[in-house]
$ cat start19.cif   # mmCIF, C-alpha atoms
data_protein
#
loop_
_atom_site.group_PDB
_atom_site.id
_atom_site.type_symbol
_atom_site.label_atom_id
_atom_site.label_comp_id
_atom_site.auth_asym_id
_atom_site.auth_seq_id
_atom_site.Cartn_x
_atom_site.Cartn_y
_atom_site.Cartn_z
ATOM 1 C CA MET A 10 -0.794 -1.915 -32.908
ATOM 2 C CA ILE A 11 1.202 -3.214 -29.945
ATOM 3 C CA ASN A 12 1.350 -6.861 -28.921
ATOM 4 C CA ILE A 13 2.412 -7.746 -25.387
ATOM 5 C CA THR A 14 2.437 -10.770 -23.118
ATOM 6 C CA LYS A 15 1.528 -9.854 -19.550
ATOM 7 C CA ASP A 16 0.693 -11.961 -16.511
ATOM 8 C CA ASN A 17 -1.501 -10.615 -13.700
ATOM 9 C CA PHE A 18 -3.364 -8.436 -16.184
ATOM 10 C CA ASN A 19 -7.025 -9.093 -16.927
ATOM 11 C CA LEU A 20 -9.168 -6.544 -18.743
ATOM 12 C CA THR A 21 -12.434 -8.021 -17.497
ATOM 13 C CA GLN A 22 -11.363 -7.863 -13.869
ATOM 14 C CA ILE A 23 -10.042 -4.318 -14.234
ATOM 15 C CA CYS A 24 -13.250 -3.188 -15.951
ATOM 16 C CA GLU A 25 -15.431 -4.683 -13.215
ATOM 17 C CA SER A 26 -13.270 -3.697 -10.235
ATOM 18 C CA GLY A 27 -15.086 -0.449 -9.478
ATOM 19 C CA GLN A 28 -12.209 1.910 -10.216
ATOM 20 C CA CYS A 29 -12.839 2.819 -13.863
ATOM 21 C CA PHE A 30 -16.177 3.808 -15.389
ATOM 22 C CA ARG A 31 -15.163 4.742 -18.937
ATOM 23 C CA MET A 32 -13.910 1.279 -19.824
ATOM 24 C CA LEU A 33 -16.470 -0.820 -21.684
ATOM 25 C CA LYS A 34 -16.670 -4.369 -22.955
ATOM 26 C CA GLU A 35 -17.232 -4.248 -26.720
ATOM 27 C CA ASN A 36 -17.293 -8.022 -27.240
ATOM 28 C CA ASP A 37 -15.923 -11.162 -25.591
ATOM 29 C CA ASN A 38 -12.265 -10.128 -25.890
ATOM 30 C CA LEU A 39 -12.314 -6.455 -26.868
ATOM 31 C CA TYR A 40 -12.551 -3.445 -24.537
ATOM 32 C CA SER A 41 -12.639 0.281 -25.201
ATOM 33 C CA VAL A 42 -11.189 2.885 -22.840
ATOM 34 C CA ILE A 43 -11.602 6.657 -22.802
ATOM 35 C CA ALA A 44 -9.004 8.582 -20.804
ATOM 36 C CA GLY A 45 -8.781 12.344 -21.178
ATOM 37 C CA ASN A 46 -8.852 13.064 -24.897
ATOM 38 C CA ARG A 47 -7.633 9.565 -25.765
ATOM 39 C CA TYR A 48 -9.594 6.552 -26.989
ATOM 40 C CA LEU A 49 -8.165 3.049 -26.983
ATOM 41 C CA GLU A 50 -9.335 -0.379 -28.009
ATOM 42 C CA VAL A 51 -7.471 -3.289 -26.440
ATOM 43 C CA GLU A 52 -7.999 -6.997 -27.011
ATOM 44 C CA GLN A 53 -6.982 -9.900 -24.798
ATOM 45 C CA GLN A 54 -6.839 -13.669 -25.050
ATOM 46 C CA GLY A 55 -5.144 -15.328 -22.091
ATOM 47 C CA ASN A 56 -2.039 -13.301 -21.296
ATOM 48 C CA GLN A 57 -1.740 -12.033 -24.872
ATOM 49 C CA CYS A 58 -2.872 -8.439 -25.417
ATOM 50 C CA ILE A 59 -3.182 -6.242 -28.474
ATOM 51 C CA PHE A 60 -3.285 -2.467 -27.927
ATOM 52 C CA TYR A 61 -4.694 -0.720 -30.989
ATOM 53 C CA CYS A 62 -2.455 2.340 -30.849
ATOM 54 C CA ASP A 63 1.026 3.248 -32.027
ATOM 55 C CA GLU A 64 4.180 2.627 -30.010
ATOM 56 C CA SER A 65 4.672 6.237 -28.933
ATOM 57 C CA GLU A 66 1.158 6.459 -27.469
ATOM 58 C CA PHE A 67 1.517 3.074 -25.772
ATOM 59 C CA GLU A 68 4.887 3.953 -24.247
ATOM 60 C CA GLY A 69 3.974 7.551 -23.468
ATOM 61 C CA PHE A 70 0.541 7.001 -21.948
ATOM 62 C CA TRP A 71 -1.118 3.587 -21.840
ATOM 63 C CA LYS A 72 1.739 1.673 -20.237
ATOM 64 C CA LYS A 73 1.586 3.946 -17.212
ATOM 65 C CA TYR A 74 -2.216 4.134 -17.279
ATOM 66 C CA PHE A 75 -2.482 0.354 -16.874
ATOM 67 C CA ASP A 76 0.459 0.216 -14.430
ATOM 68 C CA LEU A 77 2.151 -2.351 -16.640
ATOM 69 C CA ASP A 78 5.647 -1.875 -15.211
ATOM 70 C CA ASN A 79 4.542 -2.819 -11.687
ATOM 71 C CA ASP A 80 5.163 -6.382 -10.458
ATOM 72 C CA TYR A 81 1.794 -7.553 -9.142
ATOM 73 C CA ALA A 82 3.016 -11.150 -8.813
ATOM 74 C CA ALA A 83 5.381 -9.893 -6.116
ATOM 75 C CA TYR A 84 2.505 -8.307 -4.193
ATOM 76 C CA ILE A 85 0.553 -11.549 -4.325
ATOM 77 C CA GLY A 86 3.642 -13.522 -3.385
ATOM 78 C CA ASN A 87 3.984 -11.473 -0.184
ATOM 79 C CA ILE A 88 0.557 -12.432 1.149
ATOM 80 C CA ASP A 89 0.640 -14.218 4.502
ATOM 81 C CA SER A 90 0.533 -17.957 3.780
ATOM 82 C CA GLU A 91 -1.840 -18.406 6.724
ATOM 83 C CA ASP A 92 -4.319 -15.816 5.454
ATOM 84 C CA THR A 93 -6.362 -18.181 3.320
ATOM 85 C CA TYR A 94 -9.093 -15.599 2.756
ATOM 86 C CA LEU A 95 -6.731 -13.018 1.234
ATOM 87 C CA LEU A 96 -4.926 -15.708 -0.765
ATOM 88 C CA ASP A 97 -8.263 -16.784 -2.238
ATOM 89 C CA ALA A 98 -9.256 -13.170 -2.934
ATOM 90 C CA ALA A 99 -5.953 -12.430 -4.674
ATOM 91 C CA ALA A 100 -6.193 -15.595 -6.762
ATOM 92 C CA PHE A 101 -9.765 -14.704 -7.745
ATOM 93 C CA GLY A 102 -8.821 -11.173 -8.876
ATOM 94 C CA SER A 103 -5.171 -11.695 -9.782
ATOM 95 C CA GLY A 104 -5.500 -9.706 -13.001
ATOM 96 C CA ILE A 105 -6.526 -6.439 -11.350
ATOM 97 C CA ARG A 106 -4.153 -3.481 -11.616
ATOM 98 C CA ILE A 107 -4.488 -0.032 -10.068
ATOM 99 C CA LEU A 108 -4.988 2.376 -12.952
ATOM 100 C CA ASN A 109 -3.369 5.809 -13.165
ATOM 101 C CA GLN A 110 -6.421 7.941 -13.905
ATOM 102 C CA ASP A 111 -7.101 11.660 -14.185
ATOM 103 C CA LEU A 112 -7.394 13.398 -10.825
ATOM 104 C CA TRP A 113 -10.306 15.709 -11.641
ATOM 105 C CA GLU A 114 -12.269 12.906 -13.282
ATOM 106 C CA MET A 115 -11.768 10.672 -10.233
ATOM 107 C CA ILE A 116 -12.914 13.416 -7.864
ATOM 108 C CA VAL A 117 -16.191 13.725 -9.760
ATOM 109 C CA THR A 118 -16.521 9.983 -10.315
ATOM 110 C CA PHE A 119 -16.280 9.089 -6.654
ATOM 111 C CA LEU A 120 -18.526 11.926 -5.571
ATOM 112 C CA ILE A 121 -21.094 10.316 -7.872
ATOM 113 C CA SER A 122 -20.304 6.821 -6.576
ATOM 114 C CA GLN A 123 -21.759 7.459 -3.124
ATOM 115 C CA GLN A 124 -24.806 5.264 -2.439
ATOM 116 C CA ASN A 125 -24.700 4.198 -6.079
ATOM 117 C CA ASN A 126 -24.025 1.105 -8.174
ATOM 118 C CA ILE A 127 -21.545 0.536 -10.987
ATOM 119 C CA THR A 128 -24.125 0.490 -13.798
ATOM 120 C CA ARG A 129 -25.705 3.756 -12.688
ATOM 121 C CA ILE A 130 -22.335 5.437 -12.127
ATOM 122 C CA ARG A 131 -21.335 4.587 -15.701
ATOM 123 C CA ARG A 132 -24.584 6.092 -16.975
ATOM 124 C CA CYS A 133 -24.106 9.283 -14.944
ATOM 125 C CA ILE A 134 -20.534 9.731 -16.185
ATOM 126 C CA ASN A 135 -21.589 9.131 -19.776
ATOM 127 C CA ASN A 136 -24.402 11.671 -19.446
ATOM 128 C CA ILE A 137 -22.065 14.341 -18.050
ATOM 129 C CA CYS A 138 -19.504 13.765 -20.795
ATOM 130 C CA GLU A 139 -22.055 13.907 -23.610
ATOM 131 C CA ARG A 140 -23.649 17.046 -22.156
ATOM 132 C CA TYR A 141 -20.586 19.020 -21.031
ATOM 133 C CA GLY A 142 -17.527 17.330 -22.546
ATOM 134 C CA GLU A 143 -16.008 17.861 -25.983
ATOM 135 C CA LYS A 144 -16.944 15.678 -28.933
ATOM 136 C CA GLN A 145 -14.009 13.831 -30.483
ATOM 137 C CA THR A 146 -13.699 11.540 -33.487
ATOM 138 C CA THR A 147 -10.951 8.950 -33.875
ATOM 139 C CA SER A 148 -9.132 8.313 -37.159
ATOM 140 C CA GLN A 149 -11.392 5.270 -37.550
ATOM 141 C CA GLY A 150 -14.505 7.443 -37.216
ATOM 142 C CA LYS A 151 -15.372 6.448 -33.643
ATOM 143 C CA VAL A 152 -17.145 9.275 -31.783
ATOM 144 C CA PHE A 153 -16.502 9.800 -28.071
ATOM 145 C CA TYR A 154 -16.723 12.607 -25.536
ATOM 146 C CA THR A 155 -14.004 13.895 -23.227
ATOM 147 C CA PHE A 156 -14.592 14.343 -19.530
ATOM 148 C CA PRO A 157 -15.621 17.992 -18.897
ATOM 149 C CA GLU A 158 -13.130 20.314 -17.244
ATOM 150 C CA ALA A 159 -13.967 21.855 -13.872
ATOM 151 C CA GLU A 160 -14.594 25.189 -15.598
ATOM 152 C CA ALA A 161 -17.441 23.630 -17.601
ATOM 153 C CA LEU A 162 -19.274 22.628 -14.421
ATOM 154 C CA ALA A 163 -18.401 25.358 -11.935
ATOM 155 C CA GLY A 164 -20.892 27.912 -13.231
ATOM 156 C CA LEU A 165 -23.906 25.617 -13.274
ATOM 157 C CA GLU A 166 -26.881 25.799 -10.964
ATOM 158 C CA GLU A 167 -26.419 23.335 -8.125
ATOM 159 C CA ASP A 168 -29.242 21.116 -9.336
ATOM 160 C CA ALA A 169 -28.273 21.263 -13.049
ATOM 161 C CA LEU A 170 -26.656 17.827 -13.056
ATOM 162 C CA MET A 171 -29.860 16.206 -11.898
ATOM 163 C CA GLU A 172 -30.633 16.126 -15.617
ATOM 164 C CA CYS A 173 -27.672 13.748 -15.879
ATOM 165 C CA ASN A 174 -29.232 11.479 -13.210
ATOM 166 C CA LEU A 175 -26.896 12.589 -10.403
ATOM 167 C CA GLY A 176 -29.715 13.337 -7.983
ATOM 168 C CA TYR A 177 -28.550 14.972 -4.733
ATOM 169 C CA ARG A 178 -24.925 14.474 -5.823
ATOM 170 C CA SER A 179 -25.355 17.298 -8.361
ATOM 171 C CA LYS A 180 -24.561 19.952 -5.763
ATOM 172 C CA TYR A 181 -21.481 18.001 -4.626
ATOM 173 C CA VAL A 182 -20.014 18.098 -8.127
ATOM 174 C CA VAL A 183 -20.948 21.717 -8.908
ATOM 175 C CA ARG A 184 -19.623 23.057 -5.597
ATOM 176 C CA THR A 185 -16.449 21.001 -5.899
ATOM 177 C CA ALA A 186 -15.887 22.293 -9.430
ATOM 178 C CA GLY A 187 -16.173 25.793 -8.009
ATOM 179 C CA SER A 188 -13.567 25.014 -5.348
ATOM 180 C CA ILE A 189 -11.141 23.781 -7.999
ATOM 181 C CA VAL A 190 -11.701 26.732 -10.343
ATOM 182 C CA SER A 191 -11.376 29.275 -7.522
ATOM 183 C CA GLY A 192 -8.130 27.715 -6.338
ATOM 184 C CA ASP A 193 -9.426 26.778 -2.895
ATOM 185 C CA VAL A 194 -8.056 23.316 -3.656
ATOM 186 C CA SER A 195 -5.287 22.933 -6.240
ATOM 187 C CA LEU A 196 -5.107 19.847 -8.436
ATOM 188 C CA ASP A 197 -1.422 20.494 -9.126
ATOM 189 C CA ALA A 198 -0.673 20.751 -5.420
ATOM 190 C CA LEU A 199 -2.588 17.544 -4.721
ATOM 191 C CA ARG A 200 -0.488 15.662 -7.259
ATOM 192 C CA SER A 201 2.701 16.503 -5.361
ATOM 193 C CA MET A 202 1.421 15.737 -1.847
ATOM 194 C CA PRO A 203 2.128 12.542 0.097
ATOM 195 C CA TYR A 204 -0.872 10.384 0.910
ATOM 196 C CA PRO A 205 -1.813 11.743 4.378
ATOM 197 C CA GLN A 206 -1.622 15.362 3.221
ATOM 198 C CA ALA A 207 -3.491 14.688 -0.038
ATOM 199 C CA ARG A 208 -6.243 12.890 1.866
ATOM 200 C CA GLU A 209 -6.666 15.826 4.256
ATOM 201 C CA GLU A 210 -6.750 18.291 1.378
ATOM 202 C CA LEU A 211 -9.403 16.291 -0.468
ATOM 203 C CA LEU A 212 -11.599 16.302 2.631
ATOM 204 C CA LYS A 213 -11.942 20.073 2.161
ATOM 205 C CA LEU A 214 -14.078 19.474 -0.929
ATOM 206 C CA TYR A 215 -17.839 19.508 -0.474
ATOM 207 C CA GLY A 216 -19.247 15.991 -0.309
ATOM 208 C CA VAL A 217 -15.867 14.251 0.022
ATOM 209 C CA GLY A 218 -15.626 11.964 3.049
ATOM 210 C CA GLY A 219 -12.939 9.510 4.069
ATOM 211 C CA LYS A 220 -13.926 6.687 1.718
ATOM 212 C CA VAL A 221 -14.190 8.968 -1.316
ATOM 213 C CA ALA A 222 -10.882 10.660 -0.469
ATOM 214 C CA ASP A 223 -9.194 7.272 -0.253
ATOM 215 C CA CYS A 224 -10.642 6.189 -3.601
ATOM 216 C CA ILE A 225 -9.296 9.365 -5.225
ATOM 217 C CA CYS A 226 -5.898 8.856 -3.597
ATOM 218 C CA LEU A 227 -5.735 5.252 -4.790
ATOM 219 C CA PHE A 228 -7.155 5.486 -8.300
ATOM 220 C CA ALA A 229 -5.922 8.946 -9.362
ATOM 221 C CA LEU A 230 -2.868 9.789 -7.257
ATOM 222 C CA HIS A 231 -1.665 6.166 -7.156
ATOM 223 C CA HIS A 232 -1.113 6.212 -3.415
ATOM 224 C CA LEU A 233 -1.153 2.438 -3.095
ATOM 225 C CA GLU A 234 -1.304 2.689 0.703
ATOM 226 C CA ALA A 235 -4.847 4.119 0.535
ATOM 227 C CA PHE A 236 -7.436 1.580 1.721
ATOM 228 C CA PRO A 237 -11.011 2.698 0.923
ATOM 229 C CA VAL A 238 -13.609 1.109 3.187
ATOM 230 C CA ASP A 239 -17.120 0.724 1.786
ATOM 231 C CA THR A 240 -19.898 -1.699 2.710
ATOM 232 C CA HIS A 241 -18.251 -4.668 0.982
ATOM 233 C CA ILE A 242 -14.871 -4.039 2.587
ATOM 234 C CA ASN A 243 -16.413 -3.407 5.993
ATOM 235 C CA GLN A 244 -18.248 -6.722 5.840
ATOM 236 C CA ALA A 245 -15.030 -8.526 4.925
ATOM 237 C CA LEU A 246 -13.089 -6.833 7.713
ATOM 238 C CA THR A 247 -15.766 -7.711 10.257
ATOM 239 C CA LYS A 248 -15.809 -11.348 9.188
ATOM 240 C CA HIS A 249 -12.139 -12.029 8.497
ATOM 241 C CA TYR A 250 -10.110 -9.344 10.294
ATOM 242 C CA GLN A 251 -11.744 -8.761 13.649
ATOM 243 C CA LYS A 252 -8.459 -7.399 15.015
ATOM 244 C CA GLY A 253 -8.107 -5.097 12.016
ATOM 245 C CA PHE A 254 -6.489 -5.485 8.631
ATOM 246 C CA PRO A 255 -2.711 -6.194 8.903
ATOM 247 C CA ASN A 256 -1.606 -2.886 7.394
ATOM 248 C CA ASP A 257 1.957 -3.207 8.629
ATOM 249 C CA ARG A 258 2.539 -6.385 6.625
ATOM 250 C CA TYR A 259 1.303 -4.763 3.411
ATOM 251 C CA LYS A 260 2.615 -1.283 4.105
ATOM 252 C CA GLY A 261 2.765 0.796 0.951
ATOM 253 C CA TYR A 262 0.416 -1.384 -1.093
ATOM 254 C CA GLN A 263 -2.643 -1.974 1.108
ATOM 255 C CA GLY A 264 -4.798 -0.557 -1.681
ATOM 256 C CA ILE A 265 -3.930 -3.461 -3.948
ATOM 257 C CA MET A 266 -5.070 -5.881 -1.256
ATOM 258 C CA GLN A 267 -8.232 -3.786 -0.892
ATOM 259 C CA GLN A 268 -9.011 -4.265 -4.570
ATOM 260 C CA TYR A 269 -8.610 -8.044 -4.322
ATOM 261 C CA ILE A 270 -10.969 -8.092 -1.341
ATOM 262 C CA PHE A 271 -13.508 -5.761 -2.976
ATOM 263 C CA TYR A 272 -13.624 -7.748 -6.210
ATOM 264 C CA TYR A 273 -13.857 -11.052 -4.332
ATOM 265 C CA GLU A 274 -16.717 -9.802 -2.177
ATOM 266 C CA LEU A 275 -18.521 -8.393 -5.211
ATOM 267 C CA PHE A 276 -18.264 -11.340 -7.591
ATOM 268 C CA ASN A 277 -17.344 -14.530 -5.732
ATOM 269 C CA LYS A 278 -20.622 -16.476 -5.672
ATOM 270 C CA GLN A 279 -19.380 -19.561 -3.859
#
$ encode --input "start19.cif" --output "structure tokens"
Amino acid sequence: MINITKDNFNLTQICESGQCFRMLKENDNLYSVIAGNRYLEVEQQGNQCIFYCDESEFEGFWKKYFDLDNDYAAYIGNIDSEDTYLLDAAAFGSGIRILNQDLWEMIVTFLISQQNNITRIRRCINNICERYGEKQTTSQGKVFYTFPEAEALAGLEEDALMECNLGYRSKYVVRTAGSIVSGDVSLDALRSMPYPQAREELLKLYGVGGKVADCICLFALHHLEAFPVDTHINQALTKHYQKGFPNDRYKGYQGIMQQYIFYYELFNKQ
């Protein structure tokens, strides 16, 4: 069990920010997270957090996963004082962090995300894991399923994942799994590429367009300069940035600003 005090870190905001679909709210303060073959429960009250794992696992995996060493207050502090919209968005979602998630899982996740909503995406991912992942049991007896490897999906019929509620996206995932297994696109190579090259390489995968490629770059490869544009972001840009988003001012961390805008557009009901 690890206790930390951390500002600009909010489990609820991270869970609802549209970047992670295997993080679930267990009760008012407790969340569970599945990442690879790991299961974590983490509890938060204010800026006090309890990670229910040992120190070696926290230091070796979860600290990087939650991007805890990054100074998000500095990013917020650099926002243009005259950009009241972005200041409000950042204040509203100030606890969001960009997670370091598994590349293959993010490829599949954001293929599924197209023309979809967060609740349904979660259900699709859960169905795939229970059907094709490996069953695991924690030391406390909690059962969970790992995310299936590309090899587990590559040999399926193209419509097989319709049984997991993927609909037309089934063929995207099956064909992409085949591309990974055959070596047409290398996950290891992607991990070492700079953002522009990684984005171009991802576009080679069936069903991956610019927005999906940018989501993968941001949420798996941690290219913080990636700026995915979906309907919510496009509406915000049209309304507040008619001359375009000021990328030069936020060069190297535009994706963090994107997350503040996305979360604000999704949940601010004022």
$ resolve_selection --input "start19.cif" --expression "the PyMOL selection byres ((chain A and resi 164-174) around 12)" --output "ChimeraX atom specification"
/A:117,121,125,129-141,158-163,175-191
$ resolve_selection --input "start19.cif" --expression "the PyMOL selection byres ((chain A and resi 240) around 12)" --output "PyMOL selection string"
chain A and resi 123-126+220+237-239+241-247+270-271+274-275
$ residues_around --input "start19.cif" --residues "region 104-114 of chain A" --least-positions-apart "4" --cutoff "9 Å" --atoms "all atoms listed in the file" --output "PyMOL selection string"
chain A and resi 16-24+26+28-29+44-45+73-77+79+81+99-100+118-119+156-159+186+189+196+199-200+225-231+233+264-265+268-269+272
$ write_last_selection --input "start19.cif" --atoms "C-alpha atoms" --output "PDB file, in the coordinates of the input"
ATOM      1  CA  ASP A  16       0.693 -11.961 -16.511  1.00  0.00           C
ATOM      2  CA  ASN A  17      -1.501 -10.615 -13.700  1.00  0.00           C
ATOM      3  CA  PHE A  18      -3.364  -8.436 -16.184  1.00  0.00           C
ATOM      4  CA  ASN A  19      -7.025  -9.093 -16.927  1.00  0.00           C
ATOM      5  CA  LEU A  20      -9.168  -6.544 -18.743  1.00  0.00           C
ATOM      6  CA  THR A  21     -12.434  -8.021 -17.497  1.00  0.00           C
ATOM      7  CA  GLN A  22     -11.363  -7.863 -13.869  1.00  0.00           C
ATOM      8  CA  ILE A  23     -10.042  -4.318 -14.234  1.00  0.00           C
ATOM      9  CA  CYS A  24     -13.250  -3.188 -15.951  1.00  0.00           C
ATOM     10  CA  SER A  26     -13.270  -3.697 -10.235  1.00  0.00           C
ATOM     11  CA  GLN A  28     -12.209   1.910 -10.216  1.00  0.00           C
ATOM     12  CA  CYS A  29     -12.839   2.819 -13.863  1.00  0.00           C
ATOM     13  CA  ALA A  44      -9.004   8.582 -20.804  1.00  0.00           C
ATOM     14  CA  GLY A  45      -8.781  12.344 -21.178  1.00  0.00           C
ATOM     15  CA  LYS A  73       1.586   3.946 -17.212  1.00  0.00           C
ATOM     16  CA  TYR A  74      -2.216   4.134 -17.279  1.00  0.00           C
ATOM     17  CA  PHE A  75      -2.482   0.354 -16.874  1.00  0.00           C
ATOM     18  CA  ASP A  76       0.459   0.216 -14.430  1.00  0.00           C
ATOM     19  CA  LEU A  77       2.151  -2.351 -16.640  1.00  0.00           C
ATOM     20  CA  ASN A  79       4.542  -2.819 -11.687  1.00  0.00           C
ATOM     21  CA  TYR A  81       1.794  -7.553  -9.142  1.00  0.00           C
ATOM     22  CA  ALA A  99      -5.953 -12.430  -4.674  1.00  0.00           C
ATOM     23  CA  ALA A 100      -6.193 -15.595  -6.762  1.00  0.00           C
ATOM     24  CA  THR A 118     -16.521   9.983 -10.315  1.00  0.00           C
ATOM     25  CA  PHE A 119     -16.280   9.089  -6.654  1.00  0.00           C
ATOM     26  CA  PHE A 156     -14.592  14.343 -19.530  1.00  0.00           C
ATOM     27  CA  PRO A 157     -15.621  17.992 -18.897  1.00  0.00           C
ATOM     28  CA  GLU A 158     -13.130  20.314 -17.244  1.00  0.00           C
ATOM     29  CA  ALA A 159     -13.967  21.855 -13.872  1.00  0.00           C
ATOM     30  CA  ALA A 186     -15.887  22.293  -9.430  1.00  0.00           C
ATOM     31  CA  ILE A 189     -11.141  23.781  -7.999  1.00  0.00           C
ATOM     32  CA  LEU A 196      -5.107  19.847  -8.436  1.00  0.00           C
ATOM     33  CA  LEU A 199      -2.588  17.544  -4.721  1.00  0.00           C
ATOM     34  CA  ARG A 200      -0.488  15.662  -7.259  1.00  0.00           C
ATOM     35  CA  ILE A 225      -9.296   9.365  -5.225  1.00  0.00           C
ATOM     36  CA  CYS A 226      -5.898   8.856  -3.597  1.00  0.00           C
ATOM     37  CA  LEU A 227      -5.735   5.252  -4.790  1.00  0.00           C
ATOM     38  CA  PHE A 228      -7.155   5.486  -8.300  1.00  0.00           C
ATOM     39  CA  ALA A 229      -5.922   8.946  -9.362  1.00  0.00           C
ATOM     40  CA  LEU A 230      -2.868   9.789  -7.257  1.00  0.00           C
ATOM     41  CA  HIS A 231      -1.665   6.166  -7.156  1.00  0.00           C
ATOM     42  CA  LEU A 233      -1.153   2.438  -3.095  1.00  0.00           C
ATOM     43  CA  GLY A 264      -4.798  -0.557  -1.681  1.00  0.00           C
ATOM     44  CA  ILE A 265      -3.930  -3.461  -3.948  1.00  0.00           C
ATOM     45  CA  GLN A 268      -9.011  -4.265  -4.570  1.00  0.00           C
ATOM     46  CA  TYR A 269      -8.610  -8.044  -4.322  1.00  0.00           C
ATOM     47  CA  TYR A 272     -13.624  -7.748  -6.210  1.00  0.00           C
TER      48      TYR A 272
END
$ closest_residue --input "start19.cif" --among "A:Pro203, A:Ile127, A:Ile116, A:Thr93" --to "Phe30 (chain A)" --atoms "only C-alpha atoms"
A:Ile127
$ atom_distance --input "start19.cif" --atom1 "CA of Met266 (chain A)" --atom2 "CA of Glu68 (chain A)"
26.9 Å
